[in-house]
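For reference, the structure is listed below as structure tokens.
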Amino acid sequence: MKRSLVIGCAAVALAAGCGSASAQSKFDVLLGGDAFFQGAYVDQDRDQNQRTTEFSNRLRLTITPTAKADNGLEYGARLRLRAVGNGNNRTTDNDRAFMFVNGSFGSIQAGVTNGLSDDSGIIGPNPDGIEGSPDGFVTTFYTFPGLVGAGALPYVMGSLRTLESGDASTKLVYQTPTFAGFKLGAAYTPVMGSSNTNVNRQKNTTNYRDVGEVQATYTGAFGAVAIEASAAYQFGKADFSNTEDLSSVHAGLNVGFGGFKIGGSYAFSGDSGYAKGATGIDDAQVWIVGVNYTTGPLILALNYTDAKGIDSNYFGVNARTHLWQAGVTYTVAPGLTTGLEYSYFDNKVGTLNNDANVFLWDTRFAF
């Protein structure tokens, strides 16, 4: 949906030699978003007091006012609202709220947004046919009854690219124009977990501060072969003196030919955020390999994820997950898909095992 608003007295000037912008511009306000509805059946080893079925849903609304000056400068802002909540406590929050400018110099974003690799890092084809995390949202249906303190999965299962790139704190992001398929980017976050109007200059209050990320991406084609690739590095200072600094790398590659796409990725974060001197915990790392095939409105996919490192609660317990997935997605109409997905968790936290079979029905709408 798009509507146009005419407003006066809008002026933008950039110091980087972009020239003076027009005094008056026509603004387009773009309204978009997406929603999903999911139903799952879960059969797991440890099922004390656990039901086998559950539903989940989410709706996001994105509002983007944009304008273009006479000198070609595009500028605007973006706000993404989310209908979320735990239990029956429904709430609305935002995970995007930033200004941007685009020009011959590249693009700049300033405000609440995610990191570079979380936004565009390559991690392989998905079992649900939708670009994004290979695990989709299936991990939200996985539980580990009787596990005290530690999280049910390795921490990296929620951070499949660089370790903290999914953190939507207030940051500054710059990306170059695309040259021969290549694009470079850099991001800086003063304080992880600080967003919107929050100002946090106090030390020893969050996980990391002065977090930086750099990334290179490539998109191209060689005849009938399509290539997508990315490589990123994220670093930051631990806010507490007794924990390790953040240092995380990620690389991914997808190759497409005909209706097939095959690819994978690897991320290594070592002992980032671990207590100094901690022993018996694997280095945090995750690797992924997957393939999907598109024929008409159908997407068929297979995926494998191997993740290990500290538990998701950073309780100091070693965790290891092997996740096998298969799925089929059907495009009902433009913007509307439905699909079925099967996931098998071979999971161990500390000395405890909890394998699980998850059957997931996923319907999505994007506009």
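Following the order of the structure tokens, first chain is A, next is B, and so on, with residues numbered from 1 inside each chain and ligands from 1 in the order they appear.
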Practice prompt. Looking only at strand (DSSP E) from DSSP on the backbone, list the matching residues of segment 203-321 of chain A as a ChimeraX atom specification.
Written response: /A:208-222,225-238,246-257,260-270,284-295,298-310,318-321
Worksheet entry | Residues near Phe257 of chain A, cut-off 12 Å, only C-alpha atoms, skip fewer than 5 positions along chain, as a list in words | Ala221, Phe222, Gly223, Ala224, Val225, Ala226, Ile227, Glu228, Ile262, Gly263, Val291, Asn292, Tyr293 and Thr294 of chain A
Could the residues in this selection be saved with N, CA, C and O atoms as a PDB file, in the first residue's frame?
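Result saved to again01.pdb:
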```pdb
ATOM      1  N   ALA A 221      26.220 -13.586 -11.266  1.00  0.00           N
ATOM      2  CA  ALA A 221      25.813 -14.736 -12.077  1.00  0.00           C
ATOM      3  C   ALA A 221      26.875 -15.014 -13.122  1.00  0.00           C
ATOM      4  O   ALA A 221      27.465 -14.080 -13.693  1.00  0.00           O
ATOM      5  N   PHE A 222      27.119 -16.292 -13.340  1.00  0.00           N
ATOM      6  CA  PHE A 222      28.043 -16.746 -14.371  1.00  0.00           C
ATOM      7  C   PHE A 222      27.262 -17.705 -15.268  1.00  0.00           C
ATOM      8  O   PHE A 222      27.122 -18.882 -14.961  1.00  0.00           O
ATOM      9  N   GLY A 223      26.720 -17.144 -16.334  1.00  0.00           N
ATOM     10  CA  GLY A 223      25.833 -17.939 -17.164  1.00  0.00           C
ATOM     11  C   GLY A 223      24.573 -18.286 -16.388  1.00  0.00           C
ATOM     12  O   GLY A 223      23.872 -17.402 -15.873  1.00  0.00           O
ATOM     13  N   ALA A 224      24.284 -19.565 -16.278  1.00  0.00           N
ATOM     14  CA  ALA A 224      23.085 -20.010 -15.566  1.00  0.00           C
ATOM     15  C   ALA A 224      23.323 -20.219 -14.078  1.00  0.00           C
ATOM     16  O   ALA A 224      22.416 -20.638 -13.354  1.00  0.00           O
ATOM     17  N   VAL A 225      24.535 -19.939 -13.601  1.00  0.00           N
ATOM     18  CA  VAL A 225      24.883 -20.171 -12.200  1.00  0.00           C
ATOM     19  C   VAL A 225      24.827 -18.857 -11.430  1.00  0.00           C
ATOM     20  O   VAL A 225      25.488 -17.877 -11.802  1.00  0.00           O
ATOM     21  N   ALA A 226      24.045 -18.822 -10.360  1.00  0.00           N
ATOM     22  CA  ALA A 226      23.919 -17.639  -9.515  1.00  0.00           C
ATOM     23  C   ALA A 226      24.715 -17.837  -8.228  1.00  0.00           C
ATOM     24  O   ALA A 226      24.700 -18.928  -7.642  1.00  0.00           O
ATOM     25  N   ILE A 227      25.405 -16.792  -7.801  1.00  0.00           N
ATOM     26  CA  ILE A 227      26.259 -16.864  -6.620  1.00  0.00           C
ATOM     27  C   ILE A 227      25.824 -15.811  -5.602  1.00  0.00           C
ATOM     28  O   ILE A 227      25.594 -14.650  -5.954  1.00  0.00           O
ATOM     29  N   GLU A 228      25.731 -16.216  -4.331  1.00  0.00           N
ATOM     30  CA  GLU A 228      25.540 -15.296  -3.217  1.00  0.00           C
ATOM     31  C   GLU A 228      26.587 -15.643  -2.164  1.00  0.00           C
ATOM     32  O   GLU A 228      26.729 -16.816  -1.802  1.00  0.00           O
ATOM     33  N   ILE A 262      21.980 -24.584  -3.443  1.00  0.00           N
ATOM     34  CA  ILE A 262      22.704 -25.324  -2.419  1.00  0.00           C
ATOM     35  C   ILE A 262      23.708 -24.380  -1.765  1.00  0.00           C
ATOM     36  O   ILE A 262      24.271 -23.504  -2.433  1.00  0.00           O
ATOM     37  N   GLY A 263      23.891 -24.536  -0.480  1.00  0.00           N
ATOM     38  CA  GLY A 263      24.807 -23.633   0.190  1.00  0.00           C
ATOM     39  C   GLY A 263      24.962 -23.946   1.656  1.00  0.00           C
ATOM     40  O   GLY A 263      24.454 -24.948   2.172  1.00  0.00           O
ATOM     41  N   VAL A 291      19.929 -27.450   1.003  1.00  0.00           N
ATOM     42  CA  VAL A 291      19.599 -27.418  -0.416  1.00  0.00           C
ATOM     43  C   VAL A 291      18.084 -27.269  -0.555  1.00  0.00           C
ATOM     44  O   VAL A 291      17.321 -27.799   0.259  1.00  0.00           O
ATOM     45  N   ASN A 292      17.656 -26.499  -1.539  1.00  0.00           N
ATOM     46  CA  ASN A 292      16.230 -26.484  -1.859  1.00  0.00           C
ATOM     47  C   ASN A 292      16.034 -26.514  -3.366  1.00  0.00           C
ATOM     48  O   ASN A 292      16.959 -26.245  -4.149  1.00  0.00           O
ATOM     49  N   TYR A 293      14.838 -26.883  -3.773  1.00  0.00           N
ATOM     50  CA  TYR A 293      14.496 -26.996  -5.195  1.00  0.00           C
ATOM     51  C   TYR A 293      13.137 -26.355  -5.410  1.00  0.00           C
ATOM     52  O   TYR A 293      12.161 -26.690  -4.719  1.00  0.00           O
ATOM     53  N   THR A 294      13.073 -25.431  -6.363  1.00  0.00           N
ATOM     54  CA  THR A 294      11.835 -24.728  -6.671  1.00  0.00           C
ATOM     55  C   THR A 294      11.282 -25.222  -7.994  1.00  0.00           C
ATOM     56  O   THR A 294      11.989 -25.249  -9.014  1.00  0.00           O
TER      57      THR A 294
END
```
What are the nearest atom pairs, with distances in Å to one decimal, for all residues of segment 148-263 of chain A that come at most 10 Å from segment 86-95 of chain A, using only C-alpha atoms, set out by chain and rising residue number as a tab-separated table?
```
residue	atom	partner	partner_atom	distance
A:Asp167	CA	A:Asp95	CA	9.2
A:Ala168	CA	A:Asp95	CA	6.1
A:Ser169	CA	A:Asp95	CA	8.4
A:Ser195	CA	A:Asp95	CA	9.1
A:Asn196	CA	A:Asn94	CA	9.3
```
Please save all heavy atoms of the selected residues as a PDB file, in the first residue's frame.
```pdb
ATOM      1  N   ASP A 167      21.284  -8.203  17.546  1.00  0.00           N
ATOM      2  CA  ASP A 167      20.938  -7.209  18.561  1.00  0.00           C
ATOM      3  C   ASP A 167      20.531  -5.899  17.890  1.00  0.00           C
ATOM      4  O   ASP A 167      21.324  -5.249  17.224  1.00  0.00           O
ATOM      5  CB  ASP A 167      22.139  -6.972  19.478  1.00  0.00           C
ATOM      6  CG  ASP A 167      21.885  -5.858  20.468  1.00  0.00           C
ATOM      7  OD1 ASP A 167      20.957  -5.991  21.271  1.00  0.00           O
ATOM      8  OD2 ASP A 167      22.615  -4.850  20.413  1.00  0.00           O
ATOM      9  N   ALA A 168      19.260  -5.507  18.078  1.00  0.00           N
ATOM     10  CA  ALA A 168      18.743  -4.285  17.454  1.00  0.00           C
ATOM     11  C   ALA A 168      18.862  -3.107  18.408  1.00  0.00           C
ATOM     12  O   ALA A 168      17.882  -2.532  18.863  1.00  0.00           O
ATOM     13  CB  ALA A 168      17.288  -4.488  17.027  1.00  0.00           C
ATOM     14  N   SER A 169      20.101  -2.763  18.729  1.00  0.00           N
ATOM     15  CA  SER A 169      20.368  -1.583  19.548  1.00  0.00           C
ATOM     16  C   SER A 169      20.554  -0.369  18.639  1.00  0.00           C
ATOM     17  O   SER A 169      20.621  -0.487  17.422  1.00  0.00           O
ATOM     18  CB  SER A 169      21.617  -1.801  20.395  1.00  0.00           C
ATOM     19  OG  SER A 169      21.459  -2.883  21.279  1.00  0.00           O
ATOM     20  N   SER A 195      18.599   1.156  23.298  1.00  0.00           N
ATOM     21  CA  SER A 195      17.875   1.500  22.079  1.00  0.00           C
ATOM     22  C   SER A 195      16.888   2.630  22.320  1.00  0.00           C
ATOM     23  O   SER A 195      16.566   2.975  23.464  1.00  0.00           O
ATOM     24  CB  SER A 195      17.129   0.276  21.530  1.00  0.00           C
ATOM     25  OG  SER A 195      16.173  -0.181  22.457  1.00  0.00           O
ATOM     26  N   ASN A 196      16.414   3.195  21.207  1.00  0.00           N
ATOM     27  CA  ASN A 196      15.474   4.307  21.219  1.00  0.00           C
ATOM     28  C   ASN A 196      16.020   5.453  22.073  1.00  0.00           C
ATOM     29  O   ASN A 196      17.165   5.832  21.923  1.00  0.00           O
ATOM     30  CB  ASN A 196      14.094   3.835  21.658  1.00  0.00           C
ATOM     31  CG  ASN A 196      13.462   2.898  20.635  1.00  0.00           C
ATOM     32  OD1 ASN A 196      13.573   3.111  19.436  1.00  0.00           O
ATOM     33  ND2 ASN A 196      12.833   1.832  21.106  1.00  0.00           N
TER      34      ASN A 196
END
```
Do you have, as a tab-separated table, the list of residues of segment 214-288 of chain A lying at most 12 Å from segment 145-161 of chain A, each with its nearest atom pair and that distance in Å to one decimal, counting only C-alpha atoms and ordered by chain then number?
```
residue	atom	partner	partner_atom	distance
A:Gln215	CA	A:Arg161	CA	11.2
A:Ser230	CA	A:Arg161	CA	10.3
A:Ala231	CA	A:Arg161	CA	9.6
A:Ala232	CA	A:Arg161	CA	8.4
A:Tyr233	CA	A:Arg161	CA	9.6
A:Gln234	CA	A:Arg161	CA	9.8
A:Ser248	CA	A:Arg161	CA	8.6
A:Val249	CA	A:Arg161	CA	7.8
A:His250	CA	A:Arg161	CA	5.6
A:Ala251	CA	A:Arg161	CA	7.9
A:Gly252	CA	A:Arg161	CA	8.8
A:Gly264	CA	A:Leu160	CA	11.1
A:Ser265	CA	A:Arg161	CA	8.3
A:Tyr266	CA	A:Arg161	CA	7.8
A:Ala267	CA	A:Arg161	CA	5.9
A:Phe268	CA	A:Arg161	CA	8.7
A:Ser269	CA	A:Val156	CA	8.7
A:Gly270	CA	A:Val156	CA	10.8
A:Asp271	CA	A:Tyr155	CA	11.6
A:Ser272	CA	A:Val156	CA	11.0
A:Gly273	CA	A:Tyr155	CA	10.8
A:Tyr274	CA	A:Tyr155	CA	11.3
A:Ile281	CA	A:Pro154	CA	10.8
A:Asp282	CA	A:Pro154	CA	10.2
A:Asp283	CA	A:Val156	CA	10.4
A:Ala284	CA	A:Val156	CA	6.7
A:Gln285	CA	A:Val156	CA	6.7
A:Val286	CA	A:Val156	CA	6.7
A:Trp287	CA	A:Leu160	CA	8.2
A:Ile288	CA	A:Leu160	CA	8.8
```
Can I get the selected residues back with N, CA, C and O atoms, as a CSV table (one decimal), in the first residue's frame?
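Printed below is again-v7.csv as written:
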```
chain,number,residue,atom,x,y,z
A,215,GLN,N,31.5,-6.2,7.0
A,215,GLN,CA,31.0,-7.3,6.2
A,215,GLN,C,31.2,-6.9,4.7
A,215,GLN,O,31.1,-5.8,4.3
A,230,SER,N,29.0,-14.0,1.5
A,230,SER,CA,29.2,-13.0,2.5
A,230,SER,C,30.3,-13.4,3.4
A,230,SER,O,30.5,-14.6,3.7
A,231,ALA,N,31.0,-12.4,4.0
A,231,ALA,CA,31.9,-12.7,5.1
A,231,ALA,C,31.9,-11.5,6.0
A,231,ALA,O,31.9,-10.3,5.6
A,232,ALA,N,31.9,-11.8,7.3
A,232,ALA,CA,31.7,-10.7,8.3
A,232,ALA,C,32.6,-11.0,9.5
A,232,ALA,O,32.9,-12.1,9.9
A,233,TYR,N,32.9,-9.9,10.2
A,233,TYR,CA,33.7,-10.0,11.5
A,233,TYR,C,33.0,-9.0,12.4
A,233,TYR,O,32.8,-7.8,12.1
A,234,GLN,N,32.8,-9.4,13.7
A,234,GLN,CA,32.2,-8.6,14.7
A,234,GLN,C,33.1,-8.6,16.0
A,234,GLN,O,33.6,-9.7,16.3
A,248,SER,N,33.9,-12.5,16.7
A,248,SER,CA,33.0,-13.5,16.0
A,248,SER,C,33.2,-13.3,14.5
A,248,SER,O,33.1,-12.2,14.0
A,249,VAL,N,33.4,-14.4,13.8
A,249,VAL,CA,33.4,-14.4,12.3
A,249,VAL,C,32.3,-15.2,11.7
A,249,VAL,O,31.9,-16.2,12.3
A,250,HIS,N,32.0,-14.9,10.5
A,250,HIS,CA,30.9,-15.6,9.8
A,250,HIS,C,31.2,-15.6,8.3
A,250,HIS,O,31.6,-14.5,7.8
A,251,ALA,N,31.0,-16.7,7.6
A,251,ALA,CA,31.1,-16.7,6.1
A,251,ALA,C,30.0,-17.7,5.6
A,251,ALA,O,29.7,-18.7,6.2
A,252,GLY,N,29.4,-17.3,4.5
A,252,GLY,CA,28.4,-18.1,3.9
A,252,GLY,C,28.4,-18.1,2.3
A,252,GLY,O,28.9,-17.1,1.8
A,264,GLY,N,25.7,-23.1,2.3
A,264,GLY,CA,25.9,-23.3,3.7
A,264,GLY,C,26.7,-22.1,4.3
A,264,GLY,O,27.0,-21.2,3.6
A,265,SER,N,27.0,-22.2,5.6
A,265,SER,CA,27.8,-21.2,6.3
A,265,SER,C,28.5,-21.7,7.5
A,265,SER,O,28.2,-22.9,8.0
A,266,TYR,N,29.4,-20.9,8.0
A,266,TYR,CA,30.2,-21.3,9.2
A,266,TYR,C,30.4,-20.0,10.0
A,266,TYR,O,30.7,-19.0,9.5
A,267,ALA,N,30.1,-20.1,11.3
A,267,ALA,CA,30.4,-19.0,12.2
A,267,ALA,C,31.2,-19.5,13.4
A,267,ALA,O,30.9,-20.6,14.0
A,268,PHE,N,32.2,-18.7,13.8
A,268,PHE,CA,33.0,-19.1,15.0
A,268,PHE,C,33.1,-17.9,15.9
A,268,PHE,O,33.5,-16.8,15.5
A,269,SER,N,32.7,-18.1,17.2
A,269,SER,CA,32.8,-17.0,18.2
A,269,SER,C,33.6,-17.4,19.4
A,269,SER,O,33.7,-16.6,20.3
A,270,GLY,N,34.3,-18.5,19.4
A,270,GLY,CA,35.2,-18.9,20.4
A,270,GLY,C,34.6,-18.8,21.8
A,270,GLY,O,33.6,-19.4,22.1
A,271,ASP,N,35.3,-18.1,22.7
A,271,ASP,CA,34.8,-18.0,24.1
A,271,ASP,C,34.2,-16.6,24.3
A,271,ASP,O,34.2,-16.1,25.5
A,272,SER,N,33.7,-16.0,23.3
A,272,SER,CA,33.1,-14.6,23.5
A,272,SER,C,32.0,-14.6,24.6
A,272,SER,O,31.1,-15.4,24.5
A,273,GLY,N,32.2,-13.8,25.5
A,273,GLY,CA,31.2,-13.6,26.6
A,273,GLY,C,31.3,-14.6,27.7
A,273,GLY,O,30.6,-14.6,28.7
A,274,TYR,N,32.2,-15.6,27.6
A,274,TYR,CA,32.4,-16.6,28.6
A,274,TYR,C,33.1,-16.0,29.8
A,274,TYR,O,33.8,-15.0,29.7
A,281,ILE,N,33.9,-26.0,28.4
A,281,ILE,CA,32.9,-25.5,27.5
A,281,ILE,C,33.5,-25.4,26.1
A,281,ILE,O,34.6,-24.8,25.9
A,282,ASP,N,32.8,-26.0,25.1
A,282,ASP,CA,33.3,-25.9,23.7
A,282,ASP,C,33.3,-24.5,23.2
A,282,ASP,O,32.5,-23.6,23.7
A,283,ASP,N,34.2,-24.2,22.3
A,283,ASP,CA,34.1,-22.9,21.6
A,283,ASP,C,32.8,-22.7,20.9
A,283,ASP,O,32.2,-23.7,20.3
A,284,ALA,N,32.2,-21.6,20.9
A,284,ALA,CA,30.9,-21.3,20.3
A,284,ALA,C,31.1,-21.3,18.8
A,284,ALA,O,31.9,-20.5,18.2
A,285,GLN,N,30.4,-22.2,18.1
A,285,GLN,CA,30.5,-22.3,16.6
A,285,GLN,C,29.2,-23.0,16.1
A,285,GLN,O,28.6,-23.8,16.8
A,286,VAL,N,28.9,-22.7,14.8
A,286,VAL,CA,27.8,-23.3,14.2
A,286,VAL,C,28.1,-23.4,12.7
A,286,VAL,O,28.5,-22.4,12.1
A,287,TRP,N,27.8,-24.5,12.1
A,287,TRP,CA,27.9,-24.7,10.7
A,287,TRP,C,26.6,-25.3,10.1
A,287,TRP,O,25.9,-26.0,10.8
A,288,ILE,N,26.3,-24.9,8.9
A,288,ILE,CA,25.0,-25.2,8.3
A,288,ILE,C,25.2,-25.6,6.8
A,288,ILE,O,26.0,-25.0,6.1
```
Discussion item. Calculated over only C-alpha atoms, which of the candidates A:Phe141, A:Phe37, A:Phe105, A:Phe100 has the smallest distance to Arg51 of chain A?
Written reply: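 Ranked by minimum distance to Arg51 of chain A, first place goes to A:Phe141.
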Item to complete: Rank nothing, just name the residue among A:Ile123, A:Leu73, A:Ala275, A:Phe260 nearest to Asp245 of chain A, using only C-alpha atoms.
Response: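 Smallest separation from Asp245 of chain A among the options: A:Ala275.
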Practice prompt. Determine the nearest neighbour of Gly259 of chain A from the options A:Leu246, A:Val173, A:Ile299, A:Ala97, counting only C-alpha atoms.
Written response: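 The answer is A:Ile299, which sits nearest to Gly259 of chain A.
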Per residue of segment 231-305 of chain A within 10 Å of segment 200-204 of chain A, which atom pair is closest and at what distance in Å (one decimal), using only C-alpha atoms, listed by chain and increasing number, as a Markdown table?
```
| residue | atom | partner | partner_atom | distance |
| --- | --- | --- | --- | --- |
| A:Ala238 | CA | A:Asn204 | CA | 8.7 |
| A:Asp239 | CA | A:Asn204 | CA | 5.0 |
| A:Phe240 | CA | A:Asn204 | CA | 5.1 |
| A:Ser241 | CA | A:Asn204 | CA | 8.1 |
```
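Residues within 8 Å of Tyr330 of chain A, counting only C-alpha atoms and excluding same-chain residues fewer than 6 positions away, are Pro297, Leu298, Ile299, Thr337, Thr338 and Gly339 of chain A.
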Could you save those same residues with all heavy atoms as a tab-separated table (two decimals), in the first residue's frame?
```tsv
chain	number	residue	atom	x	y	z
A	297	PRO	N	5.00	-23.44	-8.00
A	297	PRO	CA	4.71	-22.81	-6.71
A	297	PRO	C	5.28	-23.57	-5.52
A	297	PRO	O	5.08	-23.17	-4.38
A	297	PRO	CB	3.18	-22.82	-6.66
A	297	PRO	CG	2.80	-24.06	-7.42
A	297	PRO	CD	3.81	-24.17	-8.53
A	298	LEU	N	6.00	-24.69	-5.77
A	298	LEU	CA	6.51	-25.52	-4.68
A	298	LEU	C	8.00	-25.29	-4.44
A	298	LEU	O	8.78	-25.14	-5.39
A	298	LEU	CB	6.28	-27.00	-4.99
A	298	LEU	CG	4.85	-27.53	-4.91
A	298	LEU	CD1	4.82	-28.99	-5.35
A	298	LEU	CD2	4.31	-27.40	-3.49
A	299	ILE	N	8.38	-25.31	-3.17
A	299	ILE	CA	9.79	-25.30	-2.77
A	299	ILE	C	10.01	-26.50	-1.85
A	299	ILE	O	9.35	-26.62	-0.81
A	299	ILE	CB	10.19	-24.01	-2.04
A	299	ILE	CG1	9.93	-22.79	-2.92
A	299	ILE	CG2	11.66	-24.07	-1.64
A	299	ILE	CD1	10.21	-21.48	-2.22
A	337	THR	N	2.02	-17.81	1.53
A	337	THR	CA	2.60	-19.15	1.44
A	337	THR	C	2.10	-20.00	2.61
A	337	THR	O	1.75	-19.48	3.67
A	337	THR	CB	4.13	-19.12	1.49
A	337	THR	OG1	4.56	-18.60	2.77
A	337	THR	CG2	4.70	-18.27	0.37
A	338	THR	N	2.10	-21.30	2.39
A	338	THR	CA	1.83	-22.24	3.47
A	338	THR	C	2.74	-23.44	3.28
A	338	THR	O	3.14	-23.76	2.14
A	338	THR	CB	0.35	-22.67	3.49
A	338	THR	OG1	0.07	-23.42	4.67
A	338	THR	CG2	-0.01	-23.50	2.26
A	339	GLY	N	3.10	-24.09	4.37
A	339	GLY	CA	4.03	-25.20	4.24
A	339	GLY	C	4.07	-26.09	5.47
A	339	GLY	O	3.52	-25.76	6.52
```
Response to the item:
A straight line from atom CA of Phe359 of chain A to atom CA of Ala40 of chain A spans 5.5 Å
Worksheet item: Taking into account only C-alpha atoms, which residue in the set A:Pro65, A:Gly72, A:Gly220, A:Gly106 is nearest to Asn254 of chain A?
Response: A:Gly220
Fill in: Separation of atom CA of Thr140 of chain A from atom CA of Asp362 of chain A in Å
13.3 Å
Taking 5 positions as the minimum chain separation for residues in the same chain, which residues sit within 6 Å of Ala110 of chain A when counting only C-alpha atoms? Answer as a short mmCIF file (atom, residue, chain, number, x, y, z; two decimals) with N, CA, C and O atoms, in the first residue's frame.
```cif
data_model
loop_
_atom_site.label_atom_id
_atom_site.label_comp_id
_atom_site.auth_asym_id
_atom_site.auth_seq_id
_atom_site.Cartn_x
_atom_site.Cartn_y
_atom_site.Cartn_z
N PHE A 98 14.83 3.87 12.48
CA PHE A 98 16.06 4.55 12.07
C PHE A 98 15.80 5.52 10.92
O PHE A 98 14.81 5.38 10.18
N MET A 99 16.68 6.50 10.79
CA MET A 99 16.71 7.39 9.64
C MET A 99 17.73 6.85 8.64
O MET A 99 18.63 6.11 9.01
N LEU A 172 25.01 2.96 14.18
CA LEU A 172 25.28 3.68 12.94
C LEU A 172 25.80 2.67 11.93
O LEU A 172 26.76 1.94 12.22
#
```
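Atom pair atom CA of Glu341 of chain A / atom CA of Asn354 of chain A has a distance of 19.8 Å (rounded to one decimal).
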